[in-house]
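Asker: Got input.cif for you, mmCIF, C-alpha atoms:
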data_protein
#
loop_
_atom_site.label_atom_id
_atom_site.label_comp_id
_atom_site.auth_asym_id
_atom_site.auth_seq_id
_atom_site.Cartn_x
_atom_site.Cartn_y
_atom_site.Cartn_z
CA MET J 35 -88.95 -78.47 79.07
CA ALA J 36 -91.90 -80.67 78.07
CA GLY J 37 -90.37 -81.84 74.81
CA THR J 38 -87.63 -83.79 76.58
CA ASP J 39 -87.96 -87.29 78.00
CA SER J 40 -85.20 -87.15 80.59
CA GLY J 41 -83.22 -84.85 82.82
CA THR J 42 -80.15 -84.92 84.96
CA THR J 43 -81.03 -83.40 88.31
CA GLY J 44 -82.68 -84.70 91.45
CA THR J 45 -86.30 -84.73 92.58
CA GLY J 46 -88.31 -82.45 94.77
CA GLY J 47 -89.71 -79.15 93.58
CA GLY J 48 -87.15 -78.61 90.81
CA GLN J 49 -88.28 -78.38 87.22
CA ASP J 50 -85.28 -79.97 85.47
CA ARG J 51 -86.95 -83.35 85.28
CA PRO J 52 -90.52 -83.57 84.02
CA ILE J 53 -93.61 -84.65 85.85
CA VAL J 54 -94.59 -87.89 84.16
CA ILE J 55 -98.20 -89.06 83.92
CA VAL J 56 -98.75 -92.72 83.06
CA GLY J 57 -102.23 -93.12 81.59
CA ALA J 58 -103.37 -90.84 78.76
CA SER J 59 -106.93 -90.91 80.04
CA LEU J 60 -109.40 -88.23 81.10
CA GLY J 61 -107.60 -88.19 84.44
CA GLY J 62 -104.17 -87.94 82.85
CA ALA J 63 -105.19 -85.15 80.49
CA LYS J 64 -106.92 -83.18 83.24
CA ALA J 65 -103.87 -83.55 85.45
CA ALA J 66 -101.66 -82.07 82.74
CA GLU J 67 -104.13 -79.21 82.34
CA ALA J 68 -104.24 -78.63 86.10
CA LEU J 69 -100.45 -78.64 86.39
CA ARG J 70 -100.17 -75.87 83.82
CA GLY J 71 -103.02 -73.99 85.49
CA ALA J 72 -101.26 -74.24 88.85
CA GLY J 73 -98.10 -72.71 87.45
CA TRP J 74 -95.85 -75.68 86.72
CA GLU J 75 -93.46 -74.50 83.99
CA GLY J 76 -91.35 -77.64 83.77
CA GLY J 77 -91.81 -80.63 81.54
CA ILE J 78 -94.94 -82.75 81.43
CA VAL J 79 -94.86 -86.15 79.73
CA LEU J 80 -98.20 -87.90 79.26
CA ILE J 81 -97.88 -91.58 78.24
CA GLY J 82 -100.70 -93.78 76.97
CA GLU J 83 -101.03 -97.25 75.45
CA GLU J 84 -103.84 -96.27 73.10
CA HIS J 85 -103.22 -94.49 69.82
CA GLU J 86 -106.15 -92.14 70.53
CA ARG J 87 -105.49 -88.90 72.34
CA PRO J 88 -107.21 -88.70 75.77
CA TYR J 89 -110.98 -89.02 75.67
CA GLU J 90 -113.94 -89.35 78.00
CA ARG J 91 -115.55 -92.75 78.56
CA PRO J 92 -119.23 -92.01 79.43
CA PRO J 93 -120.19 -91.30 75.78
CA LEU J 94 -118.96 -94.80 74.86
CA SER J 95 -122.06 -96.31 76.46
CA LYS J 96 -124.31 -93.29 75.95
CA GLY J 97 -124.37 -90.68 73.15
CA TYR J 98 -121.51 -92.04 71.06
CA LEU J 99 -122.82 -95.61 71.22
CA LEU J 100 -126.28 -94.37 70.27
CA GLY J 101 -124.85 -92.52 67.29
CA LYS J 102 -125.99 -89.16 68.66
CA ASP J 103 -122.52 -87.77 69.39
CA ALA J 104 -119.77 -87.39 66.82
CA ARG J 105 -116.42 -88.99 67.61
CA GLU J 106 -114.74 -85.61 67.94
CA LYS J 107 -116.95 -84.80 70.95
CA ILE J 108 -115.42 -87.51 73.12
CA TYR J 109 -111.92 -86.00 73.28
CA VAL J 110 -110.74 -84.08 76.33
CA HIS J 111 -108.74 -81.52 74.32
CA PRO J 112 -108.38 -80.61 70.65
CA PRO J 113 -105.30 -82.09 68.94
CA GLN J 114 -103.26 -78.88 69.11
CA TRP J 115 -103.80 -78.37 72.85
CA TYR J 116 -100.87 -80.56 73.92
CA ALA J 117 -98.26 -78.77 71.80
CA GLU J 118 -99.72 -75.39 72.70
CA HIS J 119 -99.31 -76.20 76.40
CA ASP J 120 -95.90 -77.80 76.02
CA VAL J 121 -97.12 -81.28 76.99
CA THR J 122 -95.27 -84.21 75.46
CA LEU J 123 -97.98 -86.68 74.47
CA ARG J 124 -96.64 -90.18 73.82
CA LEU J 125 -99.43 -92.35 72.44
CA GLY J 126 -99.26 -96.03 71.50
CA THR J 127 -96.60 -96.38 74.18
CA ALA J 128 -96.77 -99.05 76.86
CA VAL J 129 -94.93 -98.67 80.14
CA ALA J 130 -93.05 -101.83 81.13
CA SER J 131 -91.95 -100.87 84.64
CA ILE J 132 -91.41 -98.12 87.17
CA ASP J 133 -88.30 -97.68 89.29
CA PRO J 134 -89.23 -95.42 92.23
CA ALA J 135 -85.69 -95.44 93.62
CA GLY J 136 -84.23 -94.31 90.31
CA HIS J 137 -87.21 -92.07 89.47
CA THR J 138 -87.41 -93.75 86.08
CA VAL J 139 -90.15 -95.17 83.88
CA THR J 140 -89.08 -97.87 81.44
CA LEU J 141 -91.11 -98.23 78.26
CA ALA J 142 -91.94 -101.46 76.44
CA ASP J 143 -89.52 -100.46 73.65
CA ASP J 144 -86.74 -100.15 76.27
CA GLY J 145 -86.87 -96.37 76.24
CA ARG J 146 -86.53 -94.62 79.59
CA VAL J 147 -88.13 -91.48 80.98
CA GLU J 148 -86.83 -89.89 84.17
CA TYR J 149 -89.25 -88.04 86.40
CA ALA J 150 -89.29 -85.58 89.25
CA LYS J 151 -92.75 -86.72 90.31
CA LEU J 152 -94.98 -89.45 88.86
CA LEU J 153 -98.76 -89.62 88.58
CA LEU J 154 -100.49 -92.92 87.79
CA THR J 155 -103.85 -92.62 86.04
CA THR J 156 -103.85 -96.13 84.57
CA GLY J 157 -107.56 -96.69 85.18
CA SER J 158 -109.15 -100.11 85.04
CA VAL J 159 -109.67 -103.05 82.72
CA PRO J 160 -112.87 -105.07 82.18
CA ARG J 161 -113.26 -108.23 84.20
CA ARG J 162 -113.14 -111.14 81.75
CA LEU J 163 -115.81 -113.83 81.57
CA PRO J 164 -114.19 -117.07 82.84
CA VAL J 165 -116.14 -119.68 80.87
CA PRO J 166 -115.40 -121.85 77.82
CA GLY J 167 -116.01 -120.06 74.52
CA ALA J 168 -115.50 -116.57 75.92
CA ASP J 169 -112.60 -115.92 73.52
CA GLN J 170 -114.71 -116.12 70.35
CA ASP J 171 -115.48 -113.34 67.90
CA GLY J 172 -118.63 -111.48 68.82
CA VAL J 173 -117.87 -111.54 72.56
CA LEU J 174 -117.50 -107.86 73.34
CA TYR J 175 -116.37 -105.71 76.27
CA LEU J 176 -116.73 -101.95 76.66
CA ARG J 177 -113.83 -99.88 77.90
CA ARG J 178 -112.18 -98.18 74.93
CA VAL J 179 -113.54 -96.25 71.98
CA ASP J 180 -112.74 -99.15 69.63
CA ASP J 181 -114.88 -101.37 71.86
CA SER J 182 -117.76 -98.94 71.51
CA ASP J 183 -117.32 -99.00 67.73
CA ARG J 184 -117.53 -102.80 67.68
CA ILE J 185 -120.64 -102.85 69.84
CA LYS J 186 -122.27 -100.11 67.78
CA ALA J 187 -121.72 -102.18 64.63
CA ALA J 188 -123.48 -105.12 66.28
CA LEU J 189 -126.58 -103.12 67.29
CA ARG J 190 -128.65 -103.74 64.17
CA PRO J 191 -132.44 -103.98 63.95
CA GLY J 192 -133.43 -107.55 64.79
CA ALA J 193 -129.97 -108.57 66.00
CA ARG J 194 -129.98 -110.85 69.04
CA ILE J 195 -127.85 -109.13 71.67
CA VAL J 196 -127.15 -110.86 74.97
CA VAL J 197 -125.80 -108.69 77.78
CA ILE J 198 -124.11 -110.50 80.67
CA GLY J 199 -124.25 -108.37 83.79
CA ALA J 200 -126.92 -105.87 84.83
CA GLY J 201 -124.68 -103.12 86.14
CA TRP J 202 -124.51 -99.59 84.76
CA ILE J 203 -122.59 -100.54 81.62
CA GLY J 204 -124.81 -103.55 80.94
CA LEU J 205 -128.02 -101.58 81.31
CA GLU J 206 -126.80 -98.64 79.23
CA VAL J 207 -125.74 -101.02 76.44
CA ALA J 208 -129.10 -102.78 76.69
CA ALA J 209 -130.90 -99.44 76.33
CA ALA J 210 -128.78 -98.49 73.32
CA ALA J 211 -129.41 -101.89 71.73
CA ARG J 212 -133.18 -101.64 72.16
CA THR J 213 -133.11 -98.08 70.81
CA ALA J 214 -131.33 -99.47 67.73
CA GLY J 215 -134.04 -102.09 67.29
CA ALA J 216 -132.12 -105.12 68.50
CA GLU J 217 -133.63 -107.94 70.53
CA VAL J 218 -132.02 -107.85 73.96
CA THR J 219 -131.62 -110.39 76.74
CA VAL J 220 -129.89 -109.38 79.98
CA LEU J 221 -128.45 -112.12 82.18
CA GLU J 222 -127.73 -111.35 85.83
CA SER J 223 -126.69 -113.62 88.70
CA LEU J 224 -128.45 -111.49 91.33
CA GLU J 225 -132.18 -111.01 91.85
CA LEU J 226 -132.31 -107.49 90.38
CA PRO J 227 -130.15 -105.10 88.34
CA LEU J 228 -127.78 -102.86 90.30
CA LEU J 229 -128.77 -104.63 93.50
CA ARG J 230 -125.44 -104.17 95.27
CA VAL J 231 -125.27 -100.51 94.28
CA LEU J 232 -128.84 -99.35 94.84
CA GLY J 233 -130.55 -101.95 97.01
CA ARG J 234 -133.89 -103.58 96.25
CA GLU J 235 -136.06 -100.48 96.62
CA VAL J 236 -134.45 -98.56 93.76
CA ALA J 237 -133.18 -101.50 91.72
CA GLU J 238 -136.80 -102.45 91.01
CA VAL J 239 -137.25 -99.12 89.21
CA PHE J 240 -134.58 -100.08 86.67
CA ALA J 241 -135.94 -103.60 86.26
CA ASP J 242 -139.39 -102.19 85.46
CA LEU J 243 -137.88 -99.64 83.06
CA HIS J 244 -136.13 -102.25 80.94
CA ARG J 245 -139.07 -104.66 80.96
CA GLU J 246 -141.31 -101.86 79.67
CA HIS J 247 -138.87 -101.37 76.79
CA GLY J 248 -138.98 -105.01 75.80
CA VAL J 249 -135.77 -106.32 77.37
CA ASP J 250 -135.85 -109.97 78.40
CA LEU J 251 -134.45 -109.79 81.96
CA ARG J 252 -133.30 -113.08 83.47
CA PHE J 253 -132.19 -112.91 87.08
CA GLY J 254 -130.55 -115.48 89.32
CA VAL J 255 -128.85 -117.20 86.39
CA GLN J 256 -125.31 -118.47 85.90
CA VAL J 257 -123.46 -118.55 82.57
CA THR J 258 -121.50 -121.78 82.04
CA GLU J 259 -120.43 -121.63 78.39
CA LEU J 260 -120.60 -119.65 75.17
CA THR J 261 -121.38 -121.65 72.06
CA GLY J 262 -120.05 -120.80 68.64
CA ASP J 263 -119.78 -121.63 64.97
CA GLY J 264 -116.47 -121.25 63.20
CA GLY J 265 -115.02 -119.18 66.03
CA THR J 266 -117.98 -116.76 66.25
CA VAL J 267 -120.31 -116.76 69.22
CA THR J 268 -123.83 -118.09 68.64
CA GLY J 269 -125.29 -118.47 72.11
CA VAL J 270 -124.99 -118.42 75.87
CA VAL J 271 -125.49 -121.61 77.88
CA LEU J 272 -126.93 -121.26 81.39
CA ALA J 273 -126.48 -123.56 84.38
CA ASP J 274 -129.99 -124.98 83.93
CA GLY J 275 -129.13 -126.10 80.40
CA THR J 276 -130.98 -123.27 78.63
CA THR J 277 -129.24 -121.74 75.62
CA VAL J 278 -129.91 -118.11 74.71
CA ALA J 279 -129.24 -117.47 71.01
CA ALA J 280 -126.92 -114.56 70.31
CA ASP J 281 -125.50 -112.66 67.36
CA ALA J 282 -123.29 -110.79 69.82
CA VAL J 283 -122.58 -111.01 73.54
CA VAL J 284 -121.64 -107.93 75.57
CA VAL J 285 -119.95 -108.73 78.87
CA GLY J 286 -120.33 -106.15 81.65
CA ILE J 287 -119.36 -107.90 84.88
CA GLY J 288 -117.25 -105.16 86.40
CA ILE J 289 -113.78 -103.71 86.09
CA VAL J 290 -110.47 -104.34 87.83
CA PRO J 291 -108.06 -101.51 88.70
CA ALA J 292 -104.90 -101.60 86.57
CA THR J 293 -102.42 -101.91 89.42
CA GLY J 294 -99.79 -104.16 87.81
CA LEU J 295 -97.16 -101.45 87.37
CA ALA J 296 -97.67 -100.12 90.88
CA GLU J 297 -97.54 -103.55 92.48
CA ALA J 298 -94.37 -104.51 90.61
CA ALA J 299 -92.82 -101.21 91.74
CA GLY J 300 -93.48 -102.04 95.38
CA LEU J 301 -96.24 -99.50 95.96
CA GLU J 302 -98.97 -100.39 98.44
CA VAL J 303 -101.89 -101.94 96.59
CA ASP J 304 -105.25 -102.92 98.10
CA ASN J 305 -108.30 -102.74 95.83
CA GLY J 306 -106.38 -100.19 93.79
CA ILE J 307 -103.30 -98.15 94.49
CA LYS J 308 -103.61 -97.01 98.08
CA THR J 309 -103.15 -93.27 98.61
CA ASP J 310 -103.55 -90.75 101.38
CA ARG J 311 -105.95 -87.81 101.22
CA HIS J 312 -103.46 -85.93 99.03
CA LEU J 313 -103.51 -88.85 96.52
CA ARG J 314 -99.92 -89.65 97.45
CA THR J 315 -98.98 -93.33 97.34
CA SER J 316 -96.64 -95.19 99.69
CA ASP J 317 -93.79 -93.58 97.70
CA PRO J 318 -93.64 -89.82 98.40
CA ASP J 319 -92.89 -88.94 94.76
CA VAL J 320 -95.62 -91.10 93.22
CA TYR J 321 -99.32 -90.19 93.15
CA ALA J 322 -102.44 -91.89 91.77
CA ALA J 323 -105.84 -90.65 90.63
CA GLY J 324 -109.02 -91.92 89.00
CA ASP J 325 -110.33 -95.48 88.85
CA VAL J 326 -107.02 -96.93 89.97
CA ALA J 327 -106.74 -94.94 93.21
CA ASN J 328 -108.04 -96.30 96.51
CA ALA J 329 -107.86 -92.94 98.24
CA TYR J 330 -108.39 -92.02 101.86
CA HIS J 331 -111.49 -89.81 102.06
CA PRO J 332 -111.49 -87.54 105.11
CA LEU J 333 -115.27 -87.13 105.17
CA PHE J 334 -115.93 -90.87 105.27
CA GLY J 335 -112.87 -91.70 107.34
CA LYS J 336 -111.84 -94.60 105.13
CA HIS J 337 -110.24 -95.50 101.82
CA ILE J 338 -112.66 -95.63 98.90
CA ARG J 339 -112.20 -96.32 95.21
CA VAL J 340 -114.70 -94.67 92.87
CA GLU J 341 -115.10 -95.91 89.29
CA HIS J 342 -116.94 -92.97 87.80
CA TRP J 343 -116.33 -90.09 85.42
CA ALA J 344 -116.52 -87.32 88.00
CA ASN J 345 -113.71 -88.89 89.98
CA ALA J 346 -111.45 -89.00 86.93
CA LEU J 347 -112.42 -85.39 86.21
CA ASN J 348 -111.86 -83.95 89.69
CA GLN J 349 -109.17 -85.98 91.44
CA PRO J 350 -106.47 -84.75 89.03
CA GLN J 351 -107.06 -81.19 90.25
CA THR J 352 -106.03 -82.30 93.74
CA ALA J 353 -103.21 -84.50 92.46
CA ALA J 354 -101.70 -81.66 90.43
CA ARG J 355 -101.63 -79.29 93.38
CA ALA J 356 -100.24 -82.00 95.65
CA LEU J 357 -97.54 -82.84 93.11
CA LEU J 358 -96.47 -79.21 93.33
CA GLY J 359 -96.20 -79.39 97.11
CA GLN J 360 -99.38 -77.53 98.07
CA ALA J 361 -100.17 -78.93 101.52
CA ASP J 362 -103.85 -77.95 101.38
CA ALA J 363 -104.47 -80.14 98.32
CA VAL J 364 -106.94 -82.67 99.73
CA HIS J 365 -109.44 -84.79 97.83
CA ASP J 366 -112.71 -84.63 99.77
CA ARG J 367 -115.33 -84.25 97.03
CA ILE J 368 -118.53 -86.23 97.41
CA PRO J 369 -118.71 -89.00 94.76
CA TYR J 370 -121.06 -88.32 91.86
CA PHE J 371 -122.18 -90.27 88.81
CA PHE J 372 -124.97 -90.22 86.24
CA SER J 373 -126.73 -92.51 83.81
CA ASP J 374 -129.07 -92.13 80.84
CA GLN J 375 -131.31 -95.02 79.79
CA TYR J 376 -134.21 -94.50 77.35
CA ASP J 377 -136.16 -91.54 78.77
CA LEU J 378 -134.69 -91.92 82.25
CA GLY J 379 -131.89 -89.64 83.36
CA MET J 380 -130.43 -89.85 86.82
CA GLU J 381 -127.71 -88.36 89.00
CA TYR J 382 -126.33 -89.92 92.18
CA VAL J 383 -124.44 -88.06 94.89
CA GLY J 384 -122.91 -89.73 97.93
CA TYR J 385 -121.39 -93.01 98.98
CA VAL J 386 -123.08 -96.09 100.41
CA GLU J 387 -121.45 -99.47 100.81
CA PRO J 388 -123.64 -102.56 100.18
CA GLY J 389 -125.86 -103.00 103.21
CA GLY J 390 -124.55 -99.78 104.73
CA TYR J 391 -127.95 -98.07 105.09
CA ASP J 392 -131.05 -98.74 107.16
CA GLN J 393 -133.70 -96.74 105.31
CA VAL J 394 -134.62 -95.47 101.85
CA VAL J 395 -136.84 -92.39 101.61
CA PHE J 396 -138.58 -91.43 98.35
CA ARG J 397 -139.61 -87.89 97.43
CA GLY J 398 -141.85 -87.52 94.37
CA ASP J 399 -143.45 -89.92 91.92
CA ARG J 400 -141.61 -93.24 92.06
CA ALA J 401 -144.09 -95.01 89.76
CA GLY J 402 -143.83 -92.19 87.21
CA ARG J 403 -140.03 -92.22 87.50
CA GLU J 404 -139.78 -88.60 88.63
CA PHE J 405 -138.41 -88.78 92.12
CA ILE J 406 -135.46 -88.45 94.47
CA ALA J 407 -134.35 -91.44 96.54
CA PHE J 408 -132.32 -90.96 99.71
CA TRP J 409 -130.28 -93.62 101.47
CA LEU J 410 -130.02 -93.02 105.23
CA SER J 411 -128.30 -94.52 108.24
CA GLY J 412 -129.29 -93.40 111.71
CA GLY J 413 -131.30 -90.55 110.20
CA ARG J 414 -128.31 -89.17 108.27
CA VAL J 415 -128.40 -88.91 104.47
CA LEU J 416 -125.59 -90.98 102.97
CA ALA J 417 -126.56 -90.53 99.32
CA GLY J 418 -129.30 -89.24 97.08
CA MET J 419 -130.33 -90.09 93.53
CA ASN J 420 -132.52 -87.77 91.47
CA VAL J 421 -134.41 -89.44 88.62
CA ASN J 422 -135.82 -87.09 85.95
CA VAL J 423 -135.67 -84.31 88.57
CA TRP J 424 -133.01 -81.70 87.96
CA ASP J 425 -130.98 -78.97 89.67
CA VAL J 426 -130.98 -80.68 93.05
CA THR J 427 -127.49 -82.17 93.25
CA ASP J 428 -126.07 -79.24 95.23
CA PRO J 429 -128.56 -79.46 98.13
CA ILE J 430 -128.28 -83.27 98.14
CA ARG J 431 -124.49 -82.95 98.30
CA GLU J 432 -124.83 -80.53 101.22
CA LEU J 433 -127.09 -82.97 103.10
CA VAL J 434 -124.52 -85.71 102.66
CA ARG J 435 -121.59 -83.51 103.64
CA SER J 436 -123.33 -82.09 106.72
CA GLY J 437 -123.75 -85.50 108.37
CA ARG J 438 -126.71 -84.14 110.33
CA ALA J 439 -129.84 -86.13 111.10
CA VAL J 440 -132.92 -85.04 109.14
CA ASP J 441 -136.67 -85.23 109.60
CA THR J 442 -137.59 -88.08 107.24
CA LYS J 443 -141.16 -86.85 106.82
CA ALA J 444 -139.87 -83.48 105.64
CA LEU J 445 -137.30 -85.25 103.47
CA ALA J 446 -140.11 -87.09 101.69
CA ASP J 447 -142.24 -83.96 101.24
CA PRO J 448 -141.67 -82.24 97.85
CA ASN J 449 -143.06 -79.03 99.32
CA VAL J 450 -140.18 -78.73 101.79
CA PRO J 451 -137.09 -77.26 100.06
CA LEU J 452 -134.08 -79.53 100.44
CA GLY J 453 -132.06 -76.56 101.57
CA ASP J 454 -134.34 -76.17 104.61
CA LEU J 455 -133.67 -79.66 105.97
#
Show me this structure written as structure tokens.
Answerer:
Amino acid sequence: MAGTDSGTTGTGGGQDRPIVIVGASLGGAKAAEALRGAGWEGGIVLIGEEHERPYERPPLSKGYLLGKDAREKIYVHPPQWYAEHDVTLRLGTAVASIDPAGHTVTLADDGRVEYAKLLLTTGSVPRRLPVPGADQDGVLYLRRVDDSDRIKAALRPGARIVVIGAGWIGLEVAAAARTAGAEVTVLESLELPLLRVLGREVAEVFADLHREHGVDLRFGVQVTELTGDGGTVTGVVLADGTTVAADAVVVGIGIVPATGLAEAAGLEVDNGIKTDRHLRTSDPDVYAAGDVANAYHPLFGKHIRVEHWANALNQPQTAARALLGQADAVHDRIPYFFSDQYDLGMEYVGYVEPGGYDQVVFRGDRAGREFIAFWLSGGRVLAGMNVNVWDVTDPIRELVRSGRAVDTKALADPNVPLGDL
């Protein structure tokens, strides 16, 4: 049962060996929950490097960072849930290697765990800033709850916070810092924030938002060095010789899927662990879900890797059923994510690659930041983002899934129900 770390029988549908989940993340915890819900009565071993039980990451740059949400609210399950559901939770435990042929996971302490099936929910790690001085105290990244604690401690009234990177994490940290009364400078190599994700038309909305809240936005700049005093960061040097003074620097220049274990085990890796539509990797007894999975999406007809909360929440439902041999377990959900910055709340449904659209249609008050933006190609809606407009994600999702061409004039008209398009 779940309290054991090894078994003696072979693989397949038998329950003598446990299903092992590497990555005690939201995805890992939800997979364990889904396995029990789908009727798996055998062992489940959930292994994580962190000493914290599985938690959700969005609050780390939102409510928890702002001090609005208590720490207890970030956790996926209460402490007793794992024992109550016969899930062996091994925290503070690093996995050293995986042996697919032997169906064995080797731990950093030389312990070994045999598995019937294996699920990898190892997530991603922050991309590091490759310049001199980036290893000093006060240079912060946001991925784990301890990171959020360190950033929160730095967000003091009057503190000079420099954010490198104007992606979602960078902008959410900037908003939290301004809300805390800090002076904030955002440095971005592109012309606008979120340019690759949203395109110019919508990226300008976020640039205006942060300027209105007193953020010093500097676009088209390159960071060459971080200065310091006694091992603590004091400033950021730009390519033009300008130095931006800093009491803390938050680096948000993207994340990299944690594929090291999979690659060393001989699994197919390409911008993540490559899986089929069932989230099965190149090894039939190994699956992957969440940030780390580059999964084939039947609706889009290609492999995509999604780095957002909803993916980590929903993919494990498919993975669990597929692990149990249910042939109809297919991941085909439309990607979804959300962000909160100051008084702006938004939800995004769909998938658009950079440059993959030919038109953006706005419905509502763009200047007043109460609108829906739609990205289209050939008259088909690829994605929609509602800003301070609520209860519209379902009809937007249906427009994306349908793949049908729409009347763009009707799409822009708030008086035409989305469900009628």
Asker: For the structure shown, which residues end up in the PyMOL selection byres ((chain J and resi 442-444) around 8)? Put them as a PyMOL selection string, please?
Answerer: chain J and resi 395+413+440-441+445-447+450+455
Asker: I need the output of the PyMOL selection byres ((chain J and resi 158) around 7) for this file as a PyMOL selection string; which residues are they?
Answerer: chain J and resi 156-157+159-160+289-292+325-326
Asker: List the spatial neighbours of J:Ile81 as a PDB file with C-alpha atoms, in the frame of the given file - criterion: any atom at most 8 Å away, only C-alpha atoms, same-chain residues fewer than 2 positions off excluded.
Answerer:
ATOM      1  CA  VAL J  54     -94.590 -87.890  84.160  1.00  0.00           C
ATOM      2  CA  ILE J  55     -98.200 -89.060  83.920  1.00  0.00           C
ATOM      3  CA  VAL J  56     -98.750 -92.720  83.060  1.00  0.00           C
ATOM      4  CA  GLY J  57    -102.230 -93.120  81.590  1.00  0.00           C
ATOM      5  CA  ALA J  58    -103.370 -90.840  78.760  1.00  0.00           C
ATOM      6  CA  VAL J  79     -94.860 -86.150  79.730  1.00  0.00           C
ATOM      7  CA  GLU J  83    -101.030 -97.250  75.450  1.00  0.00           C
ATOM      8  CA  LEU J 123     -97.980 -86.680  74.470  1.00  0.00           C
ATOM      9  CA  ARG J 124     -96.640 -90.180  73.820  1.00  0.00           C
ATOM     10  CA  LEU J 125     -99.430 -92.350  72.440  1.00  0.00           C
ATOM     11  CA  THR J 127     -96.600 -96.380  74.180  1.00  0.00           C
ATOM     12  CA  ALA J 128     -96.770 -99.050  76.860  1.00  0.00           C
ATOM     13  CA  VAL J 129     -94.930 -98.670  80.140  1.00  0.00           C
TER      14      VAL J 129
END
Asker: Please write the residues picked by the PyMOL selection byres ((chain J and resi 302-318) around 9) on this file as a count of residues only.
Answerer: 40
Asker: For each of J:Asp180, J:Asp274, J:Asp399, J:Asp133, take the minimum atom-to-atom distance to J:Arg91, counting all atoms listed in the file, then give the residue where this is smallest.
Answerer: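 Closest to J:Arg91 of all the choices is J:Asp180.
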